[in-house]
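Participant: Sharing final33.txt here; it has compact mmCIF, C-alpha atoms (C1' of nucleotides).
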# COMPACT_ATOMS: atom_id res chain seq x y z
CA MET G 1 160.07 188.73 75.25
CA LYS G 2 162.36 190.16 72.63
CA LYS G 3 163.76 187.79 70.05
CA ASP G 4 167.39 188.47 70.82
CA LYS G 5 166.99 187.92 74.51
CA ARG G 6 165.29 184.62 73.83
CA ALA G 7 168.13 183.62 71.56
CA ARG G 8 170.71 184.51 74.20
CA LEU G 9 168.94 182.50 76.86
CA GLU G 10 168.56 179.52 74.59
CA ARG G 11 172.23 179.61 73.69
CA ALA G 12 172.89 179.60 77.43
CA GLY G 13 171.00 176.34 77.72
CA TRP G 14 167.60 177.55 78.89
CA LYS G 15 164.43 176.07 77.59
CA VAL G 16 162.37 179.16 77.03
CA GLY G 17 158.64 178.86 76.89
CA THR G 18 155.46 180.56 77.88
CA VAL G 19 153.76 180.42 81.23
CA ARG G 20 151.27 178.14 79.60
CA GLU G 21 153.96 175.62 78.79
CA LEU G 22 155.41 175.89 82.27
CA LEU G 23 152.12 175.07 83.88
CA GLY G 24 151.27 172.48 81.29
CA LEU G 25 148.11 174.19 80.15
CA SER G 26 146.70 173.53 76.73
CA ARG G 27 145.95 176.47 74.50
CA ALA G 28 142.25 176.07 75.21
CA GLU G 29 142.76 175.94 78.95
CA GLU G 30 144.89 179.03 78.81
CA ALA G 31 142.25 180.85 76.80
CA LEU G 32 139.65 179.88 79.34
CA VAL G 33 141.68 181.28 82.21
CA GLU G 34 142.32 184.46 80.31
CA LEU G 35 138.67 184.82 79.44
CA LYS G 36 137.73 184.50 83.06
CA LEU G 37 140.27 187.12 84.02
CA ILE G 38 138.94 189.54 81.45
CA LEU G 39 135.35 189.04 82.53
CA SER G 40 136.14 189.48 86.20
CA ARG G 41 137.92 192.71 85.43
CA GLY G 42 134.97 193.87 83.40
CA LEU G 43 132.72 193.17 86.31
CA ARG G 44 134.81 195.09 88.80
CA GLU G 45 135.17 198.01 86.42
CA ARG G 46 131.45 198.24 85.95
CA ARG G 47 130.78 198.03 89.65
CA THR G 48 133.30 200.65 90.72
CA ARG G 49 132.30 202.95 87.90
CA ARG G 50 128.83 202.95 89.41
CA ARG G 51 130.24 203.40 92.90
CA LEU G 52 128.56 200.30 94.23
CA THR G 53 129.96 198.22 97.07
CA GLN G 54 130.25 194.48 96.59
CA ALA G 55 127.36 194.06 99.02
CA GLN G 56 125.17 196.39 96.99
CA LEU G 57 125.97 194.63 93.76
CA ALA G 58 125.33 191.30 95.47
CA ARG G 59 121.80 192.43 96.34
CA LEU G 60 121.28 193.47 92.75
CA LEU G 61 122.45 190.09 91.53
CA LYS G 62 120.64 188.17 94.25
CA SER G 63 123.93 186.79 95.36
CA SER G 64 126.23 187.45 98.28
CA GLN G 65 129.12 189.79 98.97
CA SER G 66 131.53 186.91 99.25
CA ARG G 67 130.56 185.55 95.88
CA VAL G 68 130.98 188.95 94.28
CA ALA G 69 134.44 189.14 95.81
CA LYS G 70 135.24 185.75 94.37
CA MET G 71 133.91 186.72 90.98
CA GLU G 72 136.11 189.76 90.88
CA ALA G 73 139.07 187.71 92.04
CA GLY G 74 138.56 185.16 89.30
CA ASP G 75 138.29 182.48 91.97
CA PRO G 76 138.33 178.92 90.60
CA SER G 77 134.96 178.28 92.19
CA VAL G 78 133.37 180.84 89.88
CA SER G 79 132.10 179.82 86.48
CA ILE G 80 132.19 181.87 83.33
CA ASP G 81 128.47 181.41 83.34
CA LEU G 82 128.11 183.34 86.55
CA LEU G 83 130.39 186.10 85.35
CA ILE G 84 128.46 186.53 82.14
CA ARG G 85 125.10 186.36 83.86
CA SER G 86 126.27 189.02 86.28
CA LEU G 87 127.51 191.31 83.55
CA LEU G 88 124.23 190.93 81.70
CA ALA G 89 122.27 191.56 84.90
CA MET G 90 124.19 194.82 85.26
CA GLY G 91 122.88 195.90 81.89
CA THR G 92 125.84 195.02 79.74
CA THR G 93 124.71 194.48 76.17
CA GLN G 94 125.77 191.60 74.00
CA ARG G 95 127.84 193.95 71.90
CA GLU G 96 129.61 195.33 74.96
CA LEU G 97 130.21 191.82 76.17
CA ALA G 98 131.83 190.99 72.85
CA GLN G 99 134.03 194.06 73.21
CA VAL G 100 135.11 193.01 76.66
CA ILE G 101 136.08 189.59 75.34
CA ALA G 102 137.83 191.01 72.29
CA HIS G 103 140.14 193.11 74.43
CA LYS G 104 142.96 190.82 75.28
CA THR G 105 145.02 191.03 78.46
CA ARG G 106 147.92 193.26 77.72
CA MET Q 1 108.51 194.08 62.77
CA LYS Q 2 107.84 197.11 60.62
CA LYS Q 3 106.46 200.16 62.35
CA ASP Q 4 103.35 200.42 60.24
CA LYS Q 5 102.39 196.82 60.74
CA ARG Q 6 102.74 197.27 64.47
CA ALA Q 7 100.56 200.33 64.34
CA ARG Q 8 97.91 198.48 62.37
CA LEU Q 9 97.85 195.62 64.81
CA GLU Q 10 97.67 197.92 67.77
CA ARG Q 11 94.78 199.82 66.25
CA ALA Q 12 93.10 196.47 65.84
CA GLY Q 13 93.34 195.90 69.57
CA TRP Q 14 96.44 193.74 69.79
CA LYS Q 15 98.95 194.26 72.51
CA VAL Q 16 102.15 193.89 70.55
CA GLY Q 17 105.28 193.00 72.38
CA THR Q 18 108.40 191.02 72.12
CA VAL Q 19 108.80 187.35 72.85
CA ARG Q 20 110.57 188.43 75.98
CA GLU Q 21 107.48 190.22 77.23
CA LEU Q 22 105.29 187.29 76.33
CA LEU Q 23 107.34 184.87 78.32
CA GLY Q 24 108.00 187.33 81.11
CA LEU Q 25 111.75 187.26 80.72
CA SER Q 26 113.89 190.07 81.97
CA ARG Q 27 116.23 191.76 79.56
CA ALA Q 28 119.16 189.92 81.10
CA GLU Q 29 117.45 186.55 80.88
CA GLU Q 30 116.62 187.17 77.26
CA ALA Q 31 120.20 188.13 76.52
CA LEU Q 32 121.38 184.95 78.15
CA VAL Q 33 119.10 182.79 76.05
CA GLU Q 34 120.17 184.61 72.92
CA LEU Q 35 123.82 184.25 73.80
CA LYS Q 36 123.38 180.56 74.25
CA LEU Q 37 121.66 180.30 70.91
CA ILE Q 38 124.46 182.15 69.17
CA LEU Q 39 127.13 180.00 70.75
CA SER Q 40 125.37 176.78 69.92
CA ARG Q 41 125.05 177.88 66.32
CA GLY Q 42 128.72 178.76 66.28
CA LEU Q 43 129.53 175.31 67.50
CA ARG Q 44 127.45 173.54 64.91
CA GLU Q 45 128.84 175.72 62.15
CA ARG Q 46 132.39 174.92 63.13
CA ARG Q 47 131.65 171.23 63.37
CA THR Q 48 129.88 170.89 60.04
CA ARG Q 49 132.46 173.07 58.32
CA ARG Q 50 135.01 170.47 59.34
CA ARG Q 51 132.73 167.64 58.31
CA LEU Q 52 132.78 166.04 61.71
CA THR Q 53 129.94 163.98 63.09
CA GLN Q 54 128.66 164.75 66.56
CA ALA Q 55 130.25 161.53 67.74
CA GLN Q 56 133.63 162.55 66.35
CA LEU Q 57 133.45 165.96 67.93
CA ALA Q 58 132.40 164.35 71.18
CA ARG Q 59 135.58 162.29 71.21
CA LEU Q 60 137.60 165.41 70.57
CA LEU Q 61 135.90 167.17 73.46
CA LYS Q 62 135.97 164.14 75.71
CA SER Q 63 132.24 164.28 75.91
CA SER Q 64 129.43 162.24 74.37
CA GLN Q 65 127.39 162.43 71.22
CA SER Q 66 124.25 163.14 73.17
CA ARG Q 67 125.84 166.07 74.94
CA VAL Q 68 127.07 167.52 71.69
CA ALA Q 69 123.55 167.22 70.31
CA LYS Q 70 122.24 169.05 73.36
CA MET Q 71 124.87 171.74 73.03
CA GLU Q 72 123.89 172.38 69.46
CA ALA Q 73 120.23 172.38 70.39
CA GLY Q 74 120.79 174.97 73.12
CA ASP Q 75 119.31 172.52 75.60
CA PRO Q 76 118.61 174.04 79.04
CA SER Q 77 120.87 171.45 80.61
CA VAL Q 78 123.87 172.93 78.82
CA SER Q 79 125.80 175.77 80.37
CA ILE Q 80 127.40 178.66 78.55
CA ASP Q 81 130.57 177.47 80.16
CA LEU Q 82 130.45 174.19 78.29
CA LEU Q 83 129.67 175.89 75.01
CA ILE Q 84 132.59 178.27 75.37
CA ARG Q 85 134.95 175.55 76.51
CA SER Q 86 133.94 173.48 73.50
CA LEU Q 87 134.49 176.32 71.08
CA LEU Q 88 137.90 177.01 72.56
CA ALA Q 89 138.76 173.33 72.44
CA MET Q 90 137.97 173.39 68.75
CA GLY Q 91 140.59 176.06 68.29
CA THR Q 92 138.39 179.13 68.28
CA THR Q 93 140.40 182.16 69.33
CA GLN Q 94 139.26 184.74 71.82
CA ARG Q 95 138.86 187.24 69.04
CA GLU Q 96 136.72 184.86 67.01
CA LEU Q 97 134.67 184.14 70.09
CA ALA Q 98 134.06 187.85 70.49
CA GLN Q 99 132.96 188.03 66.86
CA VAL Q 100 130.53 185.19 67.35
CA ILE Q 101 129.00 186.97 70.32
CA ALA Q 102 128.90 190.32 68.56
CA HIS Q 103 126.79 188.91 65.75
CA LYS Q 104 123.26 189.20 66.96
CA THR Q 105 120.45 186.89 65.95
CA ARG Q 106 119.01 188.25 62.83
C1' DT X 1 141.85 202.84 120.86
C1' DG X 2 137.30 201.25 119.21
C1' DA X 3 133.49 201.45 116.05
C1' DC X 4 132.45 201.19 111.29
C1' DT X 5 132.90 200.08 106.35
C1' DT X 6 134.56 197.52 102.61
C1' DC X 7 136.74 193.68 100.65
C1' DA X 8 138.93 188.80 101.03
C1' DT X 9 138.87 183.88 102.14
C1' DG X 10 137.24 179.29 104.00
C1' DT X 11 133.48 176.13 104.38
C1' DC X 12 129.36 173.60 103.21
C1' DA X 13 124.45 171.98 101.99
C1' DG X 14 121.77 172.11 98.26
C1' DA X 15 121.24 173.27 93.41
C1' DC X 16 122.82 172.59 88.97
C1' DC X 17 125.61 170.44 85.16
C1' DT X 18 127.99 166.60 82.85
C1' DG X 19 129.20 162.25 80.57
C1' DA X 20 127.32 158.08 79.68
C1' DC X 21 123.84 155.03 78.38
C1' DA X 22 119.51 153.63 76.17
C1' DT X 23 116.57 154.45 72.77
C1' DA X 24 114.01 156.86 69.22
C1' DC X 25 113.97 159.34 64.85
C1' DA X 26 115.70 160.66 60.06
C1' DT X 27 118.12 159.89 55.93
C1' DT X 28 120.49 157.22 52.51
C1' DG X 29 121.74 153.22 49.97
C1' DT X 30 120.61 148.46 48.46
C1' DA C 1 111.88 146.38 53.58
C1' DC C 2 116.37 146.22 55.94
C1' DA C 3 120.80 147.94 57.40
C1' DA C 4 123.81 151.60 58.25
C1' DT C 5 124.85 156.19 59.70
C1' DG C 6 123.98 160.38 61.98
C1' DT C 7 121.16 163.08 65.10
C1' DA C 8 117.69 163.85 69.00
C1' DT C 9 115.85 163.06 73.61
C1' DG C 10 115.15 161.08 78.36
C1' DT C 11 117.39 159.62 82.49
C1' DC C 12 120.64 159.52 86.25
C1' DA C 13 124.93 158.99 89.37
C1' DG C 14 128.53 161.67 90.35
C1' DG C 15 130.84 165.98 90.01
C1' DT C 16 130.87 171.12 90.04
C1' DC C 17 129.03 175.61 91.31
C1' DT C 18 126.34 178.73 94.24
C1' DG C 19 124.50 181.52 98.04
C1' DA C 20 125.02 182.03 102.65
C1' DC C 21 127.48 182.33 106.74
C1' DA C 22 131.60 183.13 109.61
C1' DT C 23 135.65 185.33 110.07
C1' DG C 24 139.83 187.97 108.82
C1' DA C 25 142.25 191.97 107.04
C1' DA C 26 142.78 196.78 105.78
C1' DG C 27 141.26 201.37 105.73
C1' DT C 28 138.78 205.59 107.82
C1' DC C 29 137.14 208.53 111.31
C1' DA C 30 136.56 210.48 115.89
For this file, write the structure as structure tokens.

Facilitator:
Amino acid sequence: MKKDKRARLERAGWKVGTVRELLGLSRAEEALVELKLILSRGLRERRTRRRLTQAQLARLLKSSQSRVAKMEAGDPSVSIDLLIRSLLAMGTTQRELAQVIAHKTR
Amino acid sequence: MKKDKRARLERAGWKVGTVRELLGLSRAEEALVELKLILSRGLRERRTRRRLTQAQLARLLKSSQSRVAKMEAGDPSVSIDLLIRSLLAMGTTQRELAQVIAHKTR
DNA sequence: TGACTTCATGTCAGACCTGACATACATTGT
DNA sequence: ACAATGTATGTCAGGTCTGACATGAAGTCA
């Protein structure tokens, strides 16, 4: 949000904050959610780039289609652990993983 | 290992491989173990740099001293999830996290 | 339309992880 | 030696995550 717009809104009596503040998430919690989002995107990207279906990837990962879908959707029932293990199982290197994490949501 | 040393050993009848091959770990499994190691080191570094005891950090993380010890030891009972959540809770940014991961074990 | 393919969502038993506790070990100071 | 402080390790009840299954939704093709 631009500075001037914020100022205008605040003059008008609005309490302007981030989504994080609205939902009452701590900085760390927010970072965790974002991290998960980034990893799930990375996973989907890598799968589609290889033209695999979720079912095919599931076989590769010894998981199930539904879990792959949930991973890519950033479902709350999916841990960062699983996302990272899946990326690694797809051949992602540690360096690439770091790059994925470094790229923030824009 | 230097190339020439490897060659010498192999001439002498040794099958030279990596730890991974010895233990029968897949590339992905190895990467996972290494990742965990790196994160646990990162955690300990950040704690000692702040001159906190494990018990103090535990309070901060709403965990226990024994779990912190296990985190720093890379204990099998500790998930990558917990390590990352702990780092984030200590104020580590996403970018810093990426840097930690990018630094390979030397 | 119906058959087929791909992805999404709900549920659940069993596997796995977590905080807490007890206790052991190591180091330092007296 | 003893006490104090910090760290390591084993155990376990309760909580979370996972693969699998069922089913739905959306798209494609004939």

Participant: For chain G versus chain Q, which residues have an atom no more than 10 Å away, and what is each residue's nearest atom pair and distance in Å rounded to one decimal, using all atoms listed in the file, chain-then-number order, as JSON lines?

Facilitator:
{"residue": "G:Ser26", "atom": "CA", "partner": "Q:Ala89", "partner_atom": "CA", "distance": 9.0}
{"residue": "G:Arg27", "atom": "CA", "partner": "Q:Ala89", "partner_atom": "CA", "distance": 8.1}
{"residue": "G:Ala28", "atom": "CA", "partner": "Q:Leu88", "partner_atom": "CA", "distance": 5.2}
{"residue": "G:Glu29", "atom": "CA", "partner": "Q:Ala89", "partner_atom": "CA", "distance": 8.1}
{"residue": "G:Glu30", "atom": "CA", "partner": "Q:Leu88", "partner_atom": "CA", "distance": 9.6}
{"residue": "G:Ala31", "atom": "CA", "partner": "Q:Gln94", "partner_atom": "CA", "distance": 7.0}
{"residue": "G:Leu32", "atom": "CA", "partner": "Q:Arg85", "partner_atom": "CA", "distance": 7.0}
{"residue": "G:Glu34", "atom": "CA", "partner": "Q:Gln94", "partner_atom": "CA", "distance": 9.0}
{"residue": "G:Leu35", "atom": "CA", "partner": "Q:Gln94", "partner_atom": "CA", "distance": 7.6}
{"residue": "G:Ser79", "atom": "CA", "partner": "Q:Asp81", "partner_atom": "CA", "distance": 6.9}
{"residue": "G:Ile80", "atom": "CA", "partner": "Q:Asp81", "partner_atom": "CA", "distance": 5.7}
{"residue": "G:Asp81", "atom": "CA", "partner": "Q:Asp81", "partner_atom": "CA", "distance": 5.5}
{"residue": "G:Leu82", "atom": "CA", "partner": "Q:Asp81", "partner_atom": "CA", "distance": 9.0}
{"residue": "G:Ile84", "atom": "CA", "partner": "Q:Leu32", "partner_atom": "CA", "distance": 8.3}
{"residue": "G:Arg85", "atom": "CA", "partner": "Q:Leu32", "partner_atom": "CA", "distance": 7.0}
{"residue": "G:Ser86", "atom": "CA", "partner": "Q:Ala28", "partner_atom": "CA", "distance": 8.8}
{"residue": "G:Leu87", "atom": "CA", "partner": "Q:Ala28", "partner_atom": "CA", "distance": 8.8}
{"residue": "G:Leu88", "atom": "CA", "partner": "Q:Ala28", "partner_atom": "CA", "distance": 5.2}
{"residue": "G:Ala89", "atom": "CA", "partner": "Q:Ala28", "partner_atom": "CA", "distance": 5.2}
{"residue": "G:Met90", "atom": "CA", "partner": "Q:Ala28", "partner_atom": "CA", "distance": 8.2}
{"residue": "G:Gly91", "atom": "CA", "partner": "Q:Ala28", "partner_atom": "CA", "distance": 7.1}
{"residue": "G:Thr92", "atom": "CA", "partner": "Q:Ala28", "partner_atom": "CA", "distance": 8.5}
{"residue": "G:Thr93", "atom": "CA", "partner": "Q:Ala31", "partner_atom": "CA", "distance": 7.8}
{"residue": "G:Gln94", "atom": "CA", "partner": "Q:Ala102", "partner_atom": "CA", "distance": 6.4}
{"residue": "G:Arg95", "atom": "CA", "partner": "Q:Ala102", "partner_atom": "CA", "distance": 5.0}
{"residue": "G:Glu96", "atom": "CA", "partner": "Q:Ala102", "partner_atom": "CA", "distance": 8.2}
{"residue": "G:Leu97", "atom": "CA", "partner": "Q:Ile101", "partner_atom": "CA", "distance": 7.7}
{"residue": "G:Ala98", "atom": "CA", "partner": "Q:Ala98", "partner_atom": "CA", "distance": 4.5}
{"residue": "G:Gln99", "atom": "CA", "partner": "Q:Ala98", "partner_atom": "CA", "distance": 6.8}
{"residue": "G:Val100", "atom": "CA", "partner": "Q:Ala98", "partner_atom": "CA", "distance": 8.1}
{"residue": "G:Ile101", "atom": "CA", "partner": "Q:Ala98", "partner_atom": "CA", "distance": 5.5}
{"residue": "G:Ala102", "atom": "CA", "partner": "Q:Arg95", "partner_atom": "CA", "distance": 5.1}
{"residue": "G:His103", "atom": "CA", "partner": "Q:Arg95", "partner_atom": "CA", "distance": 8.1}
{"residue": "G:Lys104", "atom": "CA", "partner": "Q:Gln94", "partner_atom": "CA", "distance": 7.9}

Participant: Return the neighbours of chain X among the residues of chain G, cut-off 12 Å, counting all atoms listed in the file, as a ChimeraX atom specification.

Facilitator: /G:52-56,65-73,75,79,81

Participant: Counting all atoms listed in the file, which residues in chain G sit no more than 7 Å from chain C? For each one, give the nearest pair of atoms and the distance in Å, sorted by chain then residue number, as JSON lines.

Facilitator:
{"residue": "G:Ser63", "atom": "CA", "partner": "C:DG19", "partner_atom": "C1'", "distance": 5.9}
{"residue": "G:Ser64", "atom": "CA", "partner": "C:DG19", "partner_atom": "C1'", "distance": 6.2}
{"residue": "G:Ser77", "atom": "CA", "partner": "C:DC17", "partner_atom": "C1'", "distance": 6.6}
{"residue": "G:Val78", "atom": "CA", "partner": "C:DC17", "partner_atom": "C1'", "distance": 6.9}

Participant: Provide the CA of Lys36 (chain G) to CA of Gly74 (chain G) distance in Å, to one decimal place.

Facilitator: 6.3 Å

Participant: Could you work out how far CA of Leu61 (chain Q) lies from CA of Leu83 (chain Q), giving the answer in Å with one decimal?

Facilitator: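 CA of Leu61 (chain Q) lies 10.8 Å from CA of Leu83 (chain Q).
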
Participant: Would you mind reading off the distance between CA of Val33 (chain Q) and CA of Leu43 (chain G), one decimal, in Å?

Facilitator: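 Separation of CA of Val33 (chain Q) and CA of Leu43 (chain G): 20.0 Å.
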
Participant: From the coordinates supplied, region 29-52 of chain G should be written with N, CA, C and O atoms, as a JSON list (two decimals), in the first residue's frame.

Facilitator:
[["chain", "number", "residue", "atom", "x", "y", "z"],
["G", 29, "GLU", "N", 4.39, -17.05, 12.73],
["G", 29, "GLU", "CA", 3.30, -17.84, 12.15],
["G", 29, "GLU", "C", 3.07, -17.45, 10.70],
["G", 29, "GLU", "O", 2.84, -18.29, 9.84],
["G", 30, "GLU", "N", 3.13, -16.15, 10.47],
["G", 30, "GLU", "CA", 2.96, -15.67, 9.11],
["G", 30, "GLU", "C", 4.05, -16.25, 8.21],
["G", 30, "GLU", "O", 3.77, -16.74, 7.11],
["G", 31, "ALA", "N", 5.27, -16.20, 8.67],
["G", 31, "ALA", "CA", 6.39, -16.70, 7.88],
["G", 31, "ALA", "C", 6.20, -18.17, 7.56],
["G", 31, "ALA", "O", 6.51, -18.63, 6.46],
["G", 32, "LEU", "N", 5.65, -18.89, 8.52],
["G", 32, "LEU", "CA", 5.45, -20.32, 8.32],
["G", 32, "LEU", "C", 4.42, -20.57, 7.21],
["G", 32, "LEU", "O", 4.63, -21.42, 6.34],
["G", 33, "VAL", "N", 3.35, -19.82, 7.26],
["G", 33, "VAL", "CA", 2.31, -19.95, 6.24],
["G", 33, "VAL", "C", 2.88, -19.61, 4.87],
["G", 33, "VAL", "O", 2.64, -20.33, 3.88],
["G", 34, "GLU", "N", 3.65, -18.55, 4.84],
["G", 34, "GLU", "CA", 4.22, -18.13, 3.57],
["G", 34, "GLU", "C", 5.18, -19.18, 3.03],
["G", 34, "GLU", "O", 5.17, -19.51, 1.85],
["G", 35, "LEU", "N", 5.97, -19.71, 3.92],
["G", 35, "LEU", "CA", 6.93, -20.74, 3.53],
["G", 35, "LEU", "C", 6.22, -21.92, 2.90],
["G", 35, "LEU", "O", 6.61, -22.45, 1.87],
["G", 36, "LYS", "N", 5.14, -22.31, 3.54],
["G", 36, "LYS", "CA", 4.37, -23.44, 3.05],
["G", 36, "LYS", "C", 3.84, -23.16, 1.64],
["G", 36, "LYS", "O", 3.89, -24.01, 0.76],
["G", 37, "LEU", "N", 3.36, -21.95, 1.47],
["G", 37, "LEU", "CA", 2.81, -21.53, 0.19],
["G", 37, "LEU", "C", 3.87, -21.63, -0.90],
["G", 37, "LEU", "O", 3.64, -22.16, -1.98],
["G", 38, "ILE", "N", 5.04, -21.12, -0.57],
["G", 38, "ILE", "CA", 6.14, -21.11, -1.53],
["G", 38, "ILE", "C", 6.54, -22.53, -1.91],
["G", 38, "ILE", "O", 6.77, -22.84, -3.07],
["G", 39, "LEU", "N", 6.62, -23.39, -0.91],
["G", 39, "LEU", "CA", 7.03, -24.77, -1.17],
["G", 39, "LEU", "C", 5.99, -25.50, -2.01],
["G", 39, "LEU", "O", 6.32, -26.26, -2.92],
["G", 40, "SER", "N", 4.72, -25.26, -1.72],
["G", 40, "SER", "CA", 3.68, -25.96, -2.48],
["G", 40, "SER", "C", 3.69, -25.50, -3.93],
["G", 40, "SER", "O", 3.50, -26.30, -4.84],
["G", 41, "ARG", "N", 3.94, -24.22, -4.13],
["G", 41, "ARG", "CA", 4.07, -23.73, -5.50],
["G", 41, "ARG", "C", 5.24, -24.39, -6.19],
["G", 41, "ARG", "O", 5.14, -24.80, -7.34],
["G", 42, "GLY", "N", 6.34, -24.47, -5.49],
["G", 42, "GLY", "CA", 7.53, -25.09, -6.06],
["G", 42, "GLY", "C", 7.25, -26.51, -6.49],
["G", 42, "GLY", "O", 7.69, -26.95, -7.55],
["G", 43, "LEU", "N", 6.49, -27.19, -5.66],
["G", 43, "LEU", "CA", 6.17, -28.58, -5.98],
["G", 43, "LEU", "C", 5.33, -28.65, -7.25],
["G", 43, "LEU", "O", 5.62, -29.43, -8.16],
["G", 44, "ARG", "N", 4.28, -27.86, -7.30],
["G", 44, "ARG", "CA", 3.42, -27.90, -8.49],
["G", 44, "ARG", "C", 4.20, -27.53, -9.74],
["G", 44, "ARG", "O", 4.07, -28.19, -10.77],
["G", 45, "GLU", "N", 5.01, -26.50, -9.64],
["G", 45, "GLU", "CA", 5.82, -26.09, -10.78],
["G", 45, "GLU", "C", 6.65, -27.25, -11.31],
["G", 45, "GLU", "O", 6.67, -27.53, -12.50],
["G", 46, "ARG", "N", 7.32, -27.91, -10.38],
["G", 46, "ARG", "CA", 8.21, -28.99, -10.78],
["G", 46, "ARG", "C", 7.43, -30.16, -11.39],
["G", 46, "ARG", "O", 7.90, -30.83, -12.29],
["G", 47, "ARG", "N", 6.26, -30.40, -10.86],
["G", 47, "ARG", "CA", 5.45, -31.50, -11.41],
["G", 47, "ARG", "C", 4.97, -31.17, -12.81],
["G", 47, "ARG", "O", 5.15, -31.97, -13.74],
["G", 48, "THR", "N", 4.38, -30.00, -12.98],
["G", 48, "THR", "CA", 3.81, -29.66, -14.29],
["G", 48, "THR", "C", 4.91, -29.51, -15.32],
["G", 48, "THR", "O", 4.73, -29.90, -16.46],
["G", 49, "ARG", "N", 6.06, -28.99, -14.90],
["G", 49, "ARG", "CA", 7.15, -28.84, -15.84],
["G", 49, "ARG", "C", 7.56, -30.20, -16.40],
["G", 49, "ARG", "O", 8.02, -30.31, -17.53],
["G", 50, "ARG", "N", 7.37, -31.22, -15.59],
["G", 50, "ARG", "CA", 7.73, -32.57, -16.08],
["G", 50, "ARG", "C", 6.54, -33.28, -16.71],
["G", 50, "ARG", "O", 6.61, -34.47, -17.02],
["G", 51, "ARG", "N", 5.44, -32.59, -16.80],
["G", 51, "ARG", "CA", 4.21, -33.14, -17.36],
["G", 51, "ARG", "C", 3.80, -34.45, -16.68],
["G", 51, "ARG", "O", 3.52, -35.45, -17.33],
["G", 52, "LEU", "N", 3.82, -34.39, -15.36],
["G", 52, "LEU", "CA", 3.33, -35.53, -14.60],
["G", 52, "LEU", "C", 1.95, -35.20, -14.06],
["G", 52, "LEU", "O", 1.65, -34.04, -13.76]]
